[in-house]
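What follows is query-v6.pdb (PDB, C-alpha atoms).
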```pdb
ATOM      1  CA  MET A  30      71.676 108.991  60.178
ATOM      2  CA  ALA A  31      73.359 109.571  56.816
ATOM      3  CA  ALA A  32      72.860 113.330  57.253
ATOM      4  CA  LEU A  33      75.240 113.237  60.246
ATOM      5  CA  PHE A  34      78.181 111.890  58.252
ATOM      6  CA  THR A  35      77.862 113.503  54.830
ATOM      7  CA  CYS A  36      79.971 116.538  53.922
ATOM      8  CA  HIS A  37      77.466 117.665  51.248
ATOM      9  CA  GLY A  38      74.464 119.937  51.649
ATOM     10  CA  GLN A  39      73.953 122.925  53.898
ATOM     11  CA  LEU A  40      73.032 123.433  57.565
ATOM     12  CA  THR A  41      71.449 126.502  59.145
ATOM     13  CA  ARG A  42      73.087 128.382  61.974
ATOM     14  CA  GLY A  43      70.566 127.252  64.615
ATOM     15  CA  ALA A  44      70.687 123.579  63.606
ATOM     16  CA  TYR A  45      74.486 123.683  63.581
ATOM     17  CA  TRP A  46      74.902 125.006  67.115
ATOM     18  CA  GLN A  47      72.201 122.713  68.437
ATOM     19  CA  ARG A  48      74.046 119.713  67.023
ATOM     20  CA  ILE A  49      77.404 121.003  68.281
ATOM     21  CA  GLY A  50      75.944 121.357  71.799
ATOM     22  CA  VAL A  51      74.815 117.722  71.849
ATOM     23  CA  LEU A  52      78.189 116.540  70.508
ATOM     24  CA  THR A  53      80.041 118.564  73.147
ATOM     25  CA  VAL A  54      78.040 116.986  75.976
ATOM     26  CA  LEU A  55      78.642 113.475  74.588
ATOM     27  CA  THR A  56      82.368 114.127  74.119
ATOM     28  CA  CYS A  57      82.759 115.466  77.659
ATOM     29  CA  GLY A  58      80.978 112.409  79.063
ATOM     30  CA  LEU A  59      83.275 110.050  77.132
ATOM     31  CA  LEU A  60      86.400 111.956  78.198
ATOM     32  CA  ILE A  61      85.349 111.872  81.857
ATOM     33  CA  THR A  62      84.868 108.111  81.554
ATOM     34  CA  LEU A  63      88.345 107.731  80.062
ATOM     35  CA  MET A  64      89.996 109.967  82.646
ATOM     36  CA  SER A  65      88.533 107.931  85.503
ATOM     37  CA  THR A  66      89.492 104.550  83.989
ATOM     38  CA  VAL A  67      91.877 103.991  81.079
ATOM     39  CA  LEU A  68      93.827 107.244  81.440
ATOM     40  CA  GLN A  69      94.500 106.402  85.106
ATOM     41  CA  TYR A  70      95.657 102.897  84.245
ATOM     42  CA  PRO A  71      96.027 101.601  80.657
ATOM     43  CA  ALA A  72      93.823  98.801  79.359
ATOM     44  CA  PHE A  73      96.866  96.891  78.097
ATOM     45  CA  ARG A  74     100.625  97.162  77.903
ATOM     46  CA  LEU A  75     103.290  95.219  76.048
ATOM     47  CA  GLN A  76     103.465  92.786  78.973
ATOM     48  CA  PRO A  77     100.568  90.266  79.077
ATOM     49  CA  ALA A  78     100.413  90.702  82.860
ATOM     50  CA  TYR A  79      98.836  94.117  82.364
ATOM     51  CA  LEU A  80      95.971  93.017  80.081
ATOM     52  CA  ASN A  81      92.594  94.093  81.453
ATOM     53  CA  PRO A  82      89.789  92.751  79.184
ATOM     54  CA  GLY A  83      87.112  94.867  80.850
ATOM     55  CA  LYS A  84      89.027  98.092  80.358
ATOM     56  CA  ALA A  85      90.023  97.077  76.834
ATOM     57  CA  LEU A  86      86.331  96.708  75.923
ATOM     58  CA  LEU A  87      85.526 100.040  77.595
ATOM     59  CA  LEU A  88      88.410 101.649  75.697
ATOM     60  CA  LEU A  89      87.061 100.417  72.347
ATOM     61  CA  VAL A  90      83.540 101.640  73.116
ATOM     62  CA  THR A  91      84.666 105.098  74.240
ATOM     63  CA  ALA A  92      87.146 105.388  71.361
ATOM     64  CA  ALA A  93      84.347 104.553  68.906
ATOM     65  CA  GLY A  94      82.168 107.218  70.524
ATOM     66  CA  LEU A  95      84.911 109.857  70.438
ATOM     67  CA  PHE A  96      85.840 109.174  66.814
ATOM     68  CA  THR A  97      82.192 109.214  65.778
ATOM     69  CA  CYS A  98      81.687 112.558  67.524
ATOM     70  CA  SER A  99      84.799 113.928  65.804
ATOM     71  CA  LEU A 100      83.601 112.736  62.404
ATOM     72  CA  ILE A 101      80.116 114.188  62.872
ATOM     73  CA  THR A 102      81.582 117.489  64.094
ATOM     74  CA  LEU A 103      83.726 117.784  60.956
ATOM     75  CA  ALA A 104      80.827 116.912  58.622
ATOM     76  CA  THR A 105      78.494 119.299  60.422
ATOM     77  CA  THR A 106      81.033 122.137  60.232
ATOM     78  CA  LEU A 107      81.491 121.597  56.481
ATOM     79  CA  GLN A 108      77.714 121.721  55.995
ATOM     80  CA  ARG A 109      77.597 125.033  57.898
ATOM     81  CA  LEU A 110      80.386 126.482  55.745
ATOM     82  CA  HIS A 111      78.496 125.411  52.609
ATOM     83  CA  ASP A 112      75.531 127.349  53.967
ATOM     84  CA  ARG A 113      77.857 130.380  53.955
ATOM     85  CA  HIS A 114      78.989 129.583  50.370
ATOM     86  CA  ARG A 115      82.397 128.496  51.651
ATOM     87  CA  THR A 116      84.261 125.276  50.886
ATOM     88  CA  GLY A 117      86.085 122.994  53.276
ATOM     89  CA  ARG A 118      89.343 124.714  52.340
ATOM     90  CA  PHE A 119      88.262 127.587  54.554
ATOM     91  CA  LEU A 120      89.151 125.420  57.561
ATOM     92  CA  GLY A 121      92.780 125.906  56.550
ATOM     93  CA  TRP A 122      92.579 129.213  58.418
ATOM     94  CA  LEU A 123      92.622 127.169  61.648
ATOM     95  CA  ALA A 124      96.365 126.747  61.111
ATOM     96  CA  LEU A 125      96.692 130.455  61.940
ATOM     97  CA  PRO A 126      96.189 130.870  65.717
ATOM     98  CA  VAL A 127      93.724 133.447  67.044
ATOM     99  CA  ILE A 128      93.123 135.350  63.789
ATOM    100  CA  GLY A 129      92.360 132.249  61.714
ATOM    101  CA  TRP A 130      90.167 130.795  64.442
ATOM    102  CA  GLY A 131      88.300 134.087  64.634
ATOM    103  CA  LEU A 132      87.651 134.093  60.883
ATOM    104  CA  VAL A 133      86.222 130.548  60.991
ATOM    105  CA  LEU A 134      84.111 131.373  64.052
ATOM    106  CA  VAL A 135      82.644 134.433  62.299
ATOM    107  CA  GLN A 136      81.492 132.233  59.422
ATOM    108  CA  LEU A 137      79.934 129.710  61.774
ATOM    109  CA  LEU A 138      78.067 132.459  63.641
ATOM    110  CA  SER A 139      76.842 134.292  60.542
ATOM    111  CA  PRO A 140      73.363 133.758  58.978
ATOM    112  CA  SER A 141      72.691 131.789  55.805
ATOM    113  CA  ARG A 142      73.613 133.171  52.356
ATOM    114  CA  GLY A 143      70.781 132.414  50.059
ATOM    115  CA  PRO A 144      69.478 129.203  48.422
ATOM    116  CA  ARG A 145      70.092 126.027  50.397
ATOM    117  CA  THR A 146      70.900 122.558  49.144
ATOM    118  CA  PRO A 147      69.266 119.848  51.300
ATOM    119  CA  VAL A 148      71.535 117.426  53.171
ATOM    120  CA  ALA A 149      71.558 113.856  51.891
ATOM    121  CA  THR A 150      69.480 111.554  54.074
ATOM    122  CA  SER A 151      70.601 108.179  52.671
ATOM    123  CA  PHE A 152      73.798 106.452  51.608
ATOM    124  CA  THR A 153      74.487 104.033  48.780
ATOM    125  CA  TRP A 154      75.896 100.675  49.832
ATOM    126  CA  ARG A 155      79.375 101.765  48.710
ATOM    127  CA  GLN A 156      79.148 104.879  50.860
ATOM    128  CA  ARG A 157      78.070 102.728  53.799
ATOM    129  CA  VAL A 158      81.037 100.400  53.331
ATOM    130  CA  ARG A 159      83.438 103.338  53.144
ATOM    131  CA  THR A 160      81.904 104.910  56.242
ATOM    132  CA  GLY A 161      82.070 101.597  58.124
ATOM    133  CA  ARG A 162      85.737 101.136  57.245
ATOM    134  CA  LEU A 163      86.459 104.692  58.310
ATOM    135  CA  LEU A 164      84.705 104.192  61.657
ATOM    136  CA  ILE A 165      86.561 100.935  62.380
ATOM    137  CA  SER A 166      90.014 102.272  61.453
ATOM    138  CA  GLY A 167      89.409 105.535  63.315
ATOM    139  CA  THR A 168      88.200 103.681  66.403
ATOM    140  CA  LEU A 169      91.315 101.507  66.481
ATOM    141  CA  LEU A 170      93.559 104.533  65.975
ATOM    142  CA  TYR A 171      91.848 106.410  68.802
ATOM    143  CA  ALA A 172      91.958 103.354  71.079
ATOM    144  CA  VAL A 173      95.678 102.755  70.586
ATOM    145  CA  SER A 174      96.492 106.452  70.967
ATOM    146  CA  LEU A 175      94.445 106.836  74.160
ATOM    147  CA  ASN A 176      95.914 103.675  75.634
ATOM    148  CA  PHE A 177      99.448 104.963  75.004
ATOM    149  CA  VAL A 178      98.462 108.199  76.724
ATOM    150  CA  GLY A 179      97.544 106.055  79.734
ATOM    151  CA  ILE A 180     100.874 104.223  79.530
ATOM    152  CA  ALA A 181     102.794 107.503  79.314
ATOM    153  CA  ALA A 182     100.908 108.865  82.323
ATOM    154  CA  LEU A 183     101.600 105.672  84.272
ATOM    155  CA  ARG A 184     105.312 105.767  83.438
ATOM    156  CA  GLY A 185     105.486 109.424  84.338
ATOM    157  CA  ALA A 186     104.013 108.760  87.768
ATOM    158  CA  HIS A 187     105.689 105.356  88.189
ATOM    159  CA  PRO A 188     108.986 105.213  86.247
ATOM    160  CA  ASP A 189     110.355 101.754  85.541
ATOM    161  CA  PRO A 190     113.509 100.851  87.480
ATOM    162  CA  LEU A 191     116.772  99.821  85.902
ATOM    163  CA  PRO A 192     116.768  96.175  84.763
ATOM    164  CA  THR A 193     118.408  93.670  87.062
ATOM    165  CA  ASN A 194     119.724  90.176  86.521
ATOM    166  CA  SER A 195     119.713  89.143  90.155
ATOM    167  CA  ALA A 196     116.817  88.023  92.300
ATOM    168  CA  ALA A 197     116.735  90.850  94.811
ATOM    169  CA  PRO A 198     114.837  90.391  98.074
ATOM    170  CA  ALA A 199     111.305  91.760  98.075
ATOM    171  CA  ALA A 200     111.279  95.321  99.338
ATOM    172  CA  PRO A 201     109.572  98.598  98.505
ATOM    173  CA  THR A 202     111.760 100.698  96.204
ATOM    174  CA  ALA A 203     109.619 103.850  96.424
ATOM    175  CA  ALA A 204     106.260 105.031  97.608
ATOM    176  CA  ASN A 205     104.714 103.889  94.330
ATOM    177  CA  GLN A 206     106.803 100.827  93.480
ATOM    178  CA  LEU A 207     107.292  97.373  94.952
ATOM    179  CA  MET A 208     110.041  94.999  93.875
ATOM    180  CA  LEU A 209     108.608  91.570  94.593
ATOM    181  CA  GLY A 210     111.338  89.133  93.641
ATOM    182  CA  ARG A 211     111.938  89.882  89.966
ATOM    183  CA  HIS A 212     108.591  91.631  89.556
ATOM    184  CA  ASN A 213     108.378  95.416  89.518
ATOM    185  CA  ILE A 214     104.803  96.198  90.562
ATOM    186  CA  SER A 215     103.286  99.659  90.192
ATOM    187  CA  LEU A 216     101.230 100.697  93.192
ATOM    188  CA  ALA A 217      98.156 102.909  93.330
ATOM    189  CA  ASN A 218      98.706 103.438  97.055
ATOM    190  CA  HIS A 219      99.664 101.612 100.221
ATOM    191  CA  ARG A 220      99.411 101.945 103.971
ATOM    192  CA  THR A 221     101.780 100.702 106.659
ATOM    193  CA  TYR A 222     100.488  99.860 110.141
ATOM    194  CA  ARG A 223     102.611  99.745 113.277
ATOM    195  CA  VAL A 224     101.546  96.756 115.392
ATOM    196  CA  ALA A 225     102.829  95.221 118.597
ATOM    197  CA  TYR A 226     102.094  91.507 118.442
ATOM    198  CA  ARG A 227     104.476  89.434 120.575
ATOM    199  CA  ASN A 228     104.343  85.787 121.613
ATOM    200  CA  ARG A 229     106.850  84.371 124.162
ATOM    201  CA  GLN A 230     104.857  81.422 125.450
ATOM    202  CA  TRP A 231     106.645  78.589 123.688
ATOM    203  CA  ALA A 232     110.199  77.271 124.092
ATOM    204  CA  HIS A 233     111.518  80.615 125.350
ATOM    205  CA  THR A 234     111.136  81.805 121.749
ATOM    206  CA  THR A 235     109.782  85.206 120.760
ATOM    207  CA  PHE A 236     107.688  85.731 117.647
ATOM    208  CA  ALA A 237     106.986  89.427 117.066
ATOM    209  CA  ILE A 238     105.033  91.155 114.288
ATOM    210  CA  ASP A 239     105.837  94.863 114.275
ATOM    211  CA  ARG A 240     104.740  96.038 110.831
ATOM    212  CA  ILE A 241     102.000  95.199 108.344
ATOM    213  CA  THR A 242     101.715  96.892 104.962
ATOM    214  CA  VAL A 243      98.711  96.718 102.641
ATOM    215  CA  TYR A 244      99.422  97.536  98.989
ATOM    216  CA  ARG A 245      96.880  98.203  96.224
ATOM    217  CA  THR A 246      98.287  97.581  92.758
ATOM    218  CA  TYR A 247      97.818 100.036  89.915
ATOM    219  CA  GLY A 248      95.098  97.991  88.260
ATOM    220  CA  PRO A 249      94.847  94.182  88.089
ATOM    221  CA  TYR A 250      98.270  92.532  87.878
ATOM    222  CA  ARG A 251      98.933  88.966  86.732
ATOM    223  CA  ILE A 252     101.857  87.412  88.560
ATOM    224  CA  PRO A 253     103.268  83.882  88.874
ATOM    225  CA  SER A 254     102.556  82.343  92.279
ATOM    226  CA  ASN A 255     102.966  79.038  94.111
ATOM    227  CA  ASP A 256      99.769  77.697  92.495
ATOM    228  CA  GLY A 257     100.329  79.141  89.018
ATOM    229  CA  PRO A 258      99.564  82.573  87.506
ATOM    230  CA  LEU A 259      97.287  84.674  89.694
ATOM    231  CA  THR A 260      95.559  87.988  88.954
ATOM    232  CA  ILE A 261      95.792  90.259  91.975
ATOM    233  CA  ASN A 262      94.632  93.703  93.041
ATOM    234  CA  GLY A 263      96.537  93.884  96.302
ATOM    235  CA  ILE A 264      99.376  92.551  98.446
ATOM    236  CA  ILE A 265      99.789  92.251 102.213
ATOM    237  CA  GLY A 266     103.281  92.263 103.702
ATOM    238  CA  VAL A 267     103.745  90.945 107.253
ATOM    239  CA  HIS A 268     107.093  91.791 108.879
ATOM    240  CA  MET A 269     108.071  89.288 111.596
ATOM    241  CA  LYS A 270     110.996  89.110 114.024
ATOM    242  CA  ILE A 271     112.088  85.816 115.599
ATOM    243  CA  HIS A 272     114.377  85.287 118.590
ATOM    244  CA  ALA A 273     114.945  81.553 118.969
ATOM    245  CA  GLY A 274     115.093  80.435 122.621
ATOM    246  CA  ALA A 275     115.889  76.849 121.576
ATOM    247  CA  ASN A 276     116.900  74.874 118.533
ATOM    248  CA  ILE A 277     113.717  75.179 116.490
ATOM    249  CA  GLN A 278     112.360  74.835 112.996
ATOM    250  CA  THR A 279     109.719  77.248 111.713
ATOM    251  CA  TYR A 280     108.396  78.304 108.319
ATOM    252  CA  PRO A 281     105.967  81.279 108.539
ATOM    253  CA  VAL A 282     105.551  81.276 104.753
ATOM    254  CA  ALA A 283     104.055  77.785 104.881
ATOM    255  CA  LYS A 284     100.785  78.903 106.503
ATOM    256  CA  THR A 285      97.918  81.242 105.643
ATOM    257  CA  LEU A 286      96.468  84.679 106.284
ATOM    258  CA  THR A 287      92.747  85.501 106.479
ATOM    259  CA  THR A 288      91.391  89.026 105.989
ATOM    260  CA  ASN A 289      88.354  90.582 107.632
ATOM    261  CA  ASP A 290      86.318  90.087 104.410
ATOM    262  CA  GLY A 291      86.973  86.334 104.436
ATOM    263  CA  GLN A 292      89.761  86.042 101.870
ATOM    264  CA  ARG A 293      92.062  83.150 102.759
ATOM    265  CA  LEU A 294      95.501  83.924 101.357
ATOM    266  CA  THR A 295      98.508  81.654 100.965
ATOM    267  CA  ALA A 296     101.959  83.125 101.465
ATOM    268  CA  ASP A 297     103.887  83.808  98.271
ATOM    269  CA  ARG A 298     106.847  81.563  99.077
ATOM    270  CA  SER A 299     108.749  82.308  95.875
ATOM    271  CA  ASN A 300     108.895  86.073  96.470
ATOM    272  CA  SER A 301     108.827  86.420 100.264
ATOM    273  CA  ASP A 302     111.977  86.927 102.318
ATOM    274  CA  VAL A 303     113.889  83.816 103.410
ATOM    275  CA  PHE A 304     114.477  84.377 107.110
ATOM    276  CA  ALA A 305     113.266  81.255 108.952
ATOM    277  CA  GLY A 306     113.816  77.508 108.748
ATOM    278  CA  ASP A 307     116.274  75.761 111.083
ATOM    279  CA  LEU A 308     117.212  78.265 113.792
ATOM    280  CA  ASN A 309     119.737  77.599 116.532
ATOM    281  CA  GLN A 310     119.194  78.805 120.075
ATOM    282  CA  GLY A 311     119.938  82.498 120.385
ATOM    283  CA  THR A 312     119.446  83.250 116.687
ATOM    284  CA  ARG A 313     117.735  86.519 115.814
ATOM    285  CA  THR A 314     116.207  86.931 112.367
ATOM    286  CA  ALA A 315     113.572  89.008 110.625
ATOM    287  CA  GLY A 316     111.841  89.254 107.257
ATOM    288  CA  THR A 317     108.635  89.983 105.385
ATOM    289  CA  THR A 318     106.138  87.434 104.168
ATOM    290  CA  TYR A 319     103.961  88.562 101.248
ATOM    291  CA  TYR A 320     100.386  87.443 100.614
ATOM    292  CA  LEU A 321      98.755  88.018  97.216
ATOM    293  CA  MET A 322      95.171  89.382  97.235
ATOM    294  CA  PRO A 323      92.847  88.628  94.287
ATOM    295  CA  ARG A 324      90.320  91.220  95.514
ATOM    296  CA  LEU A 325      91.050  94.665  96.944
ATOM    297  CA  ASN A 326      89.122  97.847  96.180
ATOM    298  CA  GLU A 327      90.695 100.175  98.723
ATOM    299  CA  VAL A 328      93.593  99.797 101.157
ATOM    300  CA  ALA A 329      91.310 100.878 104.012
ATOM    301  CA  ASP A 330      89.037  97.874 103.355
ATOM    302  CA  VAL A 331      91.534  95.638 105.188
ATOM    303  CA  THR A 332      90.865  96.309 108.868
ATOM    304  CA  ARG A 333      91.997  93.015 110.457
ATOM    305  CA  ILE A 334      94.158  90.043 109.560
ATOM    306  CA  ASP A 335      94.420  86.589 111.090
ATOM    307  CA  VAL A 336      97.775  84.985 110.378
ATOM    308  CA  SER A 337      98.981  81.526 111.396
ATOM    309  CA  TRP A 338     102.241  79.561 111.293
ATOM    310  CA  ASP A 339     103.862  76.484 112.817
ATOM    311  CA  ALA A 340     107.055  75.822 114.777
ATOM    312  CA  VAL A 341     108.621  72.704 116.212
ATOM    313  CA  LEU A 342     111.516  71.824 118.498
ATOM    314  CA  ARG A 343     114.115  70.023 116.444
ATOM    315  CA  SER A 344     114.489  67.543 119.281
ATOM    316  CA  GLN A 345     110.733  66.822 119.264
ATOM    317  CA  PRO A 346     109.558  67.068 115.633
ATOM    318  CA  GLN A 347     106.437  65.033 116.419
ATOM    319  CA  PHE A 348     104.948  67.840 118.540
ATOM    320  CA  PRO A 349     104.399  70.864 116.292
ATOM    321  CA  GLN A 350     103.108  74.096 117.797
ATOM    322  CA  THR A 351     100.599  76.215 115.842
ATOM    323  CA  PHE A 352     100.441  79.969 116.354
ATOM    324  CA  HIS A 353      97.510  82.259 115.571
ATOM    325  CA  ALA A 354      97.678  86.051 115.591
ATOM    326  CA  SER A 355      94.564  88.186 115.157
ATOM    327  CA  ILE A 356      95.728  91.740 114.504
ATOM    328  CA  PRO A 357      93.530  94.847 113.993
ATOM    329  CA  LEU A 358      94.923  97.397 111.562
ATOM    330  CA  THR A 359      94.365 100.794 113.124
ATOM    331  CA  ALA A 360      97.638 102.524 113.970
ATOM    332  CA  LYS A 361      99.020 103.896 110.722
ATOM    333  CA  LYS A 362     102.795 104.267 110.608
TER     334      LYS A 362
END
```

Could you write out this structure as structure tokens?
Amino acid sequence: MAALFTCHGQLTRGAYWQRIGVLTVLTCGLLITLMSTVLQYPAFRLQPAYLNPGKALLLLVTAAGLFTCSLITLATTLQRLHDRHRTGRFLGWLALPVIGWGLVLVQLLSPSRGPRTPVATSFTWRQRVRTGRLLISGTLLYAVSLNFVGIAALRGAHPDPLPTNSAAPAAPTAANQLMLGRHNISLANHRTYRVAYRNRQWAHTTFAIDRITVYRTYGPYRIPSNDGPLTINGIIGVHMKIHAGANIQTYPVAKTLTTNDGQRLTADRSNSDVFAGDLNQGTRTAGTTYYLMPRLNEVADVTRIDVSWDAVLRSQPQFPQTFHASIPLTAKK
């Protein structure tokens, strides 16, 4: 193991390229892992809501692997140059594009130049401590740098909006953003379904659901909710229209929504639109109720929702009416 990290000794041409081949395969595997995880969505940001412990651990492991591969590549290259009777200063030619790179490559491809000094195969305890410190500091440097690359990529694809001091109603601000109350949530994707649910069977009142949107957040997002902080991966928005045929009282956000995979979701009362309550006869109103989803892998996984709510005549508050709507999500808007 010590032979991989030491800059002393010499390495033959065949052994050098064999080692470089293995390091290249390992590096490519680590980079592919990063590109499919941390570089798509960072492991952490300055806001605690974006902390993802699983991705943070994966980031540290891959960063340690990448830094170790970089360190071994440098040590191996110096050993090869020593085999050509060159010092590490020869790598300074890399600062000269094309020509300098060609000169270094010629040395790496050329055969050995005479007597060889064997590579050290063991470290003293001081060398081990120095190497350990170098690996730890390099790993942390790589991890922070790679995570900021992920943040920069996320901001480039999902720029932050201008700050606001008012509690704006929840509404999509762009195809990849959702303003939910005061929370600006980055979205991986979303899908809006056009539905035609309509109920006119009670008190000459019409409840209509014409649009349902399923959002998948850009990684787990921790958000305050009615029952305290909740980590979510998705959001469902149900747009309802009400035409009151009598003096009624109704609160759609007070009930629940159940998905086809059995998740029972409570409406996010603090961030949903305020559009119901005490309604006089003839009143028309509309708004969106948002439901926070702890589990969502893909938007297409939600194929049906069952939503319920209550209403009551203000003249007969002792006789509440419960409504249930089972809606398949098929017609994409």

Which residues, named as in the file, does the PyMOL selection byres ((chain A and resi 255-266) around 8) pick out? Answer as JSON, numbers by chain. {"A": [241, 242, 243, 244, 245, 246, 247, 248, 249, 250, 251, 252, 253, 254, 267, 268, 297, 298, 299, 317, 318, 319, 320, 321, 322, 323, 324, 325, 326]}

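Residues matched by the PyMOL selection byres ((chain A and resi 55-61) around 8) in this file are Val51, Leu52, Thr53, Val54, Thr62, Leu63, Met64, Ser65, Thr91, Gly94, Leu95 and Cys98 of chain A.
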
Identify, on the basis of all atoms listed in the file, every residue whose closest approach to Tyr171 in chain A does not exceed 8 Å; exclude the query and any residue fewer than 3 positions from it along the same chain; express the result as a PyMOL selection string. chain A and resi 92-93+95-96+167-168+174-175

Each residue of range 96-122 of chain A with at least one atom at most 10 Å from range 127-147 of chain A should appear once, together with its nearest atom pair and the corresponding distance in Å (one decimal); atoms considered: only C-alpha atoms; ordering: chain, then increasing residue number; output as a tab-separated table.
```
residue	atom	partner	partner_atom	distance
A:Thr106	CA	A:Leu137	CA	7.8
A:Leu107	CA	A:Leu137	CA	9.8
A:Gln108	CA	A:Thr146	CA	9.7
A:Arg109	CA	A:Leu137	CA	6.5
A:Leu110	CA	A:Leu137	CA	6.9
A:His111	CA	A:Arg145	CA	8.7
A:Asp112	CA	A:Ser141	CA	5.6
A:Arg113	CA	A:Arg142	CA	5.3
A:His114	CA	A:Arg142	CA	6.8
A:Arg115	CA	A:Gln136	CA	8.7
A:Phe119	CA	A:Val133	CA	7.4
A:Leu120	CA	A:Val133	CA	6.8
A:Gly121	CA	A:Gly129	CA	8.2
A:Trp122	CA	A:Gly129	CA	4.5
```

Which distance in Å separates CA of Arg220 in chain A and CA of Ile271 in chain A, to one decimal? 23.6 Å

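Taking CA of Gln347 in chain A as the reference point, CA of Gln278 in chain A is found at 12.0 Å.
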
Would you compute the box with edges along x, y and z of the file around range 271-280 of chain A, including every atom the file lists for it and 5 Å extra on each side, and give its centre and edge lengths in Å to one decimal, as lines of an AutoDock Vina configuration file?
```
center_x = 112.6
center_y = 80.3
center_z = 115.5
size_x = 18.5
size_y = 21.0
size_z = 24.3
```

Could you check which of A:Ala329, A:Leu286, A:Leu170, A:Leu294 is closest to Thr359 in chain A, using all atoms listed in the file?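 Among the listed residues, A:Ala329 lies closest to Thr359 in chain A.
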
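Pairwise distance (CA of Leu358 in chain A, CA of Arg333 in chain A) equals 5.4 Å.
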
Taking into account all atoms listed in the file, which residue in the set A:Ala283, A:Val158, A:Leu89, A:Leu308 is nearest to Ser337 in chain A?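 Closest residue, counting all atoms listed in the file: A:Ala283.
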
Applying the PyMOL selection byres ((chain A and resi 275) around 12) to the file I just gave you, which residues come out? Please list them as a PyMOL selection string. chain A and resi 231-235+271-274+276-279+307-313+340-345

Just give me the residues with any atom within 6 Å of (104.3, 92.0, 114.8), file coordinates, counting only C-alpha atoms, written as a list in words.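 These residues have at least one counted atom within 6 Å: Val224, Ala225, Tyr226, Ala237, Ile238, Asp239, Arg240 and Met269 of chain A.
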